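*Asks:* Sharing a structure, written as structure tokens. Questions coming.
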Amino acid sequence: MILRTLDDTHAYGAKLAAVLRAGDLVVLAGPLGAGKTALVQGIGAGLGVRGPVVSPTFVIARVHRGGRLPLVHVDAYRLHSLDEVDDLDLEVDLADSVMVVEWGTGLVEQLADAHLEIRIERSAESEERTLQLVPHGGDWPDRVVALA
Ligand SMILES: Nc1ncnc2c1ncn2[C@@H]1O[C@H](COP(=O)(O)OP(=O)(O)OP(=O)(O)O)[C@@H](O)[C@H]1O
Ligand SMILES: [Mg+2]
């Protein structure tokens, strides 16, 4: 999947939001400035959540309500263990929400039986981003086909 502009990334996030269900876990991988937060902004817009989705680096996690499903947005950059994720005390039942985690690779996968991994790469010469969807368990292999 090639996303040429920020608008494309926002639009793709909204498309992704349409297939999300309660209990879903999405793990975003990619370097600084790859567009992870931008993708979450699109997901938030697609779900229709209230409040702007911003980089949660200093807050670690935010819960956005008011949409089709609550959106739990986590930036795990400074977290080192799954316990620290549990300790965030998010006051939301993950089974009822969608959780999207930036920098969550190797850290949060055990929060759900299945998850979708999204790898984002940035081009050195342009604004182009390349997305790779990697399904891990559940019916993600089928759902990924619908997102291609
Ligand atoms: N095609 C594109 N998709 C997404 N972002 C883009 C694109 N082209 C340019 N950008 C810019 O790249 C930046 C992406 O920033 P963003 O905060 O989403 O990255 P991030 O992966 O969350 O970084 P961090 O690891 O610091 O959290 C923004 O400044 C955005 O405007
Ligand atoms: Mg970010």
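Residue numbers start at 1 in each chain; chains themselves are named A, B, ... in the order of the structure tokens; ligands are numbered from 1 in the order shown.
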Which protein, DNA or RNA residues have an atom within 6 Å of ligand 1, counting only C-alpha atoms and all ligand atoms, as an mmCIF file with C-alpha atoms, in the first residue's frame?

*Replies:*
data_model
loop_
_atom_site.group_PDB
_atom_site.id
_atom_site.type_symbol
_atom_site.label_atom_id
_atom_site.label_comp_id
_atom_site.auth_asym_id
_atom_site.auth_seq_id
_atom_site.Cartn_x
_atom_site.Cartn_y
_atom_site.Cartn_z
ATOM 1 C CA LEU A 3 0.280 6.545 0.629
ATOM 2 C CA ARG A 4 1.578 9.588 -1.211
ATOM 3 C CA THR A 5 0.346 12.356 1.052
ATOM 4 C CA LEU A 6 -0.797 13.002 4.611
ATOM 5 C CA THR A 9 -2.773 8.370 5.220
ATOM 6 C CA PRO A 31 10.492 5.091 12.578
ATOM 7 C CA LEU A 32 10.034 8.554 14.051
ATOM 8 C CA GLY A 33 7.825 10.628 11.795
ATOM 9 C CA ALA A 34 6.700 7.612 9.793
ATOM 10 C CA GLY A 35 3.055 8.604 10.108
ATOM 11 C CA LYS A 36 1.846 6.361 12.923
ATOM 12 C CA THR A 37 -0.014 9.153 14.689
ATOM 13 C CA ALA A 38 -1.329 10.383 11.337
ATOM 14 C CA GLU A 127 6.297 12.312 1.368
ATOM 15 C CA GLU A 128 5.438 8.832 0.234
ATOM 16 C CA ARG A 129 4.781 6.207 2.884
#

*Asks:* May I have the residues within 12 Å of ligand 2, computed using only C-alpha atoms and all ligand atoms, as a ChimeraX atom specification?

*Replies:* /A:28-41,53-61,73-77,100-104,120

*Asks:* Which residues of region 96-142 of chain A have any atom within 6 Å of an atom in region 14-23 of chain A when counting only C-alpha atoms, and what is the closest pair of atoms for each, with the distance in Å to one decimal? Order the rows by chain and rising number and write it as a tab-separated table.

*Replies:*
residue	atom	partner	partner_atom	distance
A:Asp96	CA	A:Ala22	CA	4.7
A:Ser97	CA	A:Ala22	CA	4.7
A:Val98	CA	A:Ala22	CA	5.6

*Asks:* Hey, can you spit out that residue selection with N, CA and C atoms as a PDB file, in the first residue's frame?

*Replies:*
ATOM      1  N   ASP A  96     -14.182  -3.843  24.924  1.00  0.00           N
ATOM      2  CA  ASP A  96     -15.220  -2.989  24.323  1.00  0.00           C
ATOM      3  C   ASP A  96     -14.636  -1.934  23.388  1.00  0.00           C
ATOM      4  N   SER A  97     -13.310  -1.900  23.274  1.00  0.00           N
ATOM      5  CA  SER A  97     -12.661  -0.794  22.567  1.00  0.00           C
ATOM      6  C   SER A  97     -11.761  -1.301  21.458  1.00  0.00           C
ATOM      7  N   VAL A  98     -11.228  -0.330  20.737  1.00  0.00           N
ATOM      8  CA  VAL A  98     -10.169  -0.595  19.774  1.00  0.00           C
ATOM      9  C   VAL A  98      -8.901   0.016  20.361  1.00  0.00           C
TER      10      VAL A  98
END

*Asks:* Which neighbours of Val26 (chain A) fall inside 6 Å, counting only C-alpha atoms, when residues of the same chain fewer than 6 positions from it are skipped, and could you give them as a PDB file with C-alpha atoms, in the first residue's frame?

*Replies:*
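Once everything was written out, this is result-v9.pdb:
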ATOM      1  CA  VAL A 100      -3.935   1.202  18.631  1.00  0.00           C
ATOM      2  CA  HIS A 115      -3.692  -8.460  16.376  1.00  0.00           C
ATOM      3  CA  LEU A 116      -2.968  -6.532  13.233  1.00  0.00           C
ATOM      4  CA  GLU A 117       0.570  -5.273  12.785  1.00  0.00           C
TER       5      GLU A 117
END

*Asks:* Among the residues of chain A, find those DSSP assigns to strand (DSSP E or B) from the backbone and print them as a PyMOL selection string.

*Replies:* chain A and resi 2-3+25-29+61-64+71-75+98-102+115-122+129-136

*Asks:* Once DSSP has gone over the backbone, tell me which residues of region 46-130 of chain A are in helix (DSSP H, G or I), as a ChimeraX atom specification.

*Replies:* /A:46-47,76-78,82-86,94-96,109-111

*Asks:* Excluding Thr130 (chain A) and its own-chain neighbours fewer than 4 positions away, which residues fall within 6 Å of it when counting only C-alpha atoms? Please give them as a PyMOL selection string.

*Replies:* chain A and resi 1-2+120-121

*Asks:* Please provide the set of residues having any atom within 10 Å of Gly137 (chain A), restricted to only C-alpha atoms, with same-chain residues fewer than 2 positions apart removed, written as a VMD selection string.

*Replies:* chain A and resid 112 to 116 134 to 135 139 to 141

*Asks:* Keeping N, CA and C atoms for every residue in the selection just given, could you write it to a file as a PDB file, in the first residue's frame?

*Replies:*
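This went into selection28.pdb:
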ATOM      1  N   ALA A 112      -4.023  -9.232  23.483  1.00  0.00           N
ATOM      2  CA  ALA A 112      -5.157  -9.815  22.748  1.00  0.00           C
ATOM      3  C   ALA A 112      -4.724 -11.137  22.128  1.00  0.00           C
ATOM      4  N   ASP A 113      -5.712 -11.974  21.812  1.00  0.00           N
ATOM      5  CA  ASP A 113      -5.417 -13.270  21.181  1.00  0.00           C
ATOM      6  C   ASP A 113      -4.867 -13.080  19.770  1.00  0.00           C
ATOM      7  N   ALA A 114      -5.316 -12.015  19.127  1.00  0.00           N
ATOM      8  CA  ALA A 114      -4.915 -11.750  17.745  1.00  0.00           C
ATOM      9  C   ALA A 114      -4.643 -10.260  17.622  1.00  0.00           C
ATOM     10  N   HIS A 115      -3.870  -9.894  16.610  1.00  0.00           N
ATOM     11  CA  HIS A 115      -3.692  -8.460  16.376  1.00  0.00           C
ATOM     12  C   HIS A 115      -3.292  -8.216  14.932  1.00  0.00           C
ATOM     13  N   LEU A 116      -3.446  -6.968  14.538  1.00  0.00           N
ATOM     14  CA  LEU A 116      -2.968  -6.532  13.233  1.00  0.00           C
ATOM     15  C   LEU A 116      -1.719  -5.695  13.448  1.00  0.00           C
ATOM     16  N   VAL A 134       0.349  -6.826   8.412  1.00  0.00           N
ATOM     17  CA  VAL A 134       0.753  -8.187   8.762  1.00  0.00           C
ATOM     18  C   VAL A 134      -0.253  -8.745   9.764  1.00  0.00           C
ATOM     19  N   PRO A 135      -1.099  -9.691   9.319  1.00  0.00           N
ATOM     20  CA  PRO A 135      -2.109 -10.251  10.222  1.00  0.00           C
ATOM     21  C   PRO A 135      -1.482 -11.251  11.186  1.00  0.00           C
ATOM     22  N   ASP A 139      -9.240 -13.581  12.650  1.00  0.00           N
ATOM     23  CA  ASP A 139      -9.658 -13.494  11.251  1.00  0.00           C
ATOM     24  C   ASP A 139      -8.953 -12.339  10.537  1.00  0.00           C
ATOM     25  N   TRP A 140      -7.841 -11.892  11.099  1.00  0.00           N
ATOM     26  CA  TRP A 140      -7.097 -10.801  10.460  1.00  0.00           C
ATOM     27  C   TRP A 140      -6.634 -11.133   9.041  1.00  0.00           C
ATOM     28  N   PRO A 141      -6.250 -12.395   8.752  1.00  0.00           N
ATOM     29  CA  PRO A 141      -5.877 -12.681   7.359  1.00  0.00           C
ATOM     30  C   PRO A 141      -7.001 -12.336   6.377  1.00  0.00           C
TER      31      PRO A 141
END

*Asks:* One decimal, Å: what's the distance from CA of Asp93 (chain A) over to CA of Gly51 (chain A), could you say?

*Replies:*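 Computed distance, CA of Asp93 (chain A) to CA of Gly51 (chain A), equals 19.5 Å.
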
*Asks:* When distances are computed from only C-alpha atoms, which of A:Asp89, A:Leu147, A:Leu47, A:Asp83 shows the smallest separation from Pro70 (chain A)?

*Replies:*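 Checking each of A:Asp89, A:Leu147, A:Leu47, A:Asp83 against Pro70 (chain A), counting only C-alpha atoms, the winner is A:Leu47.
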
*Asks:* Could you check which of A:Leu25, A:Leu90, A:Val49, A:Val144 is closest to Arg62 (chain A), using only C-alpha atoms?

*Replies:*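 Among A:Leu25, A:Leu90, A:Val49, A:Val144, it is A:Leu90 that comes nearest to Arg62 (chain A).
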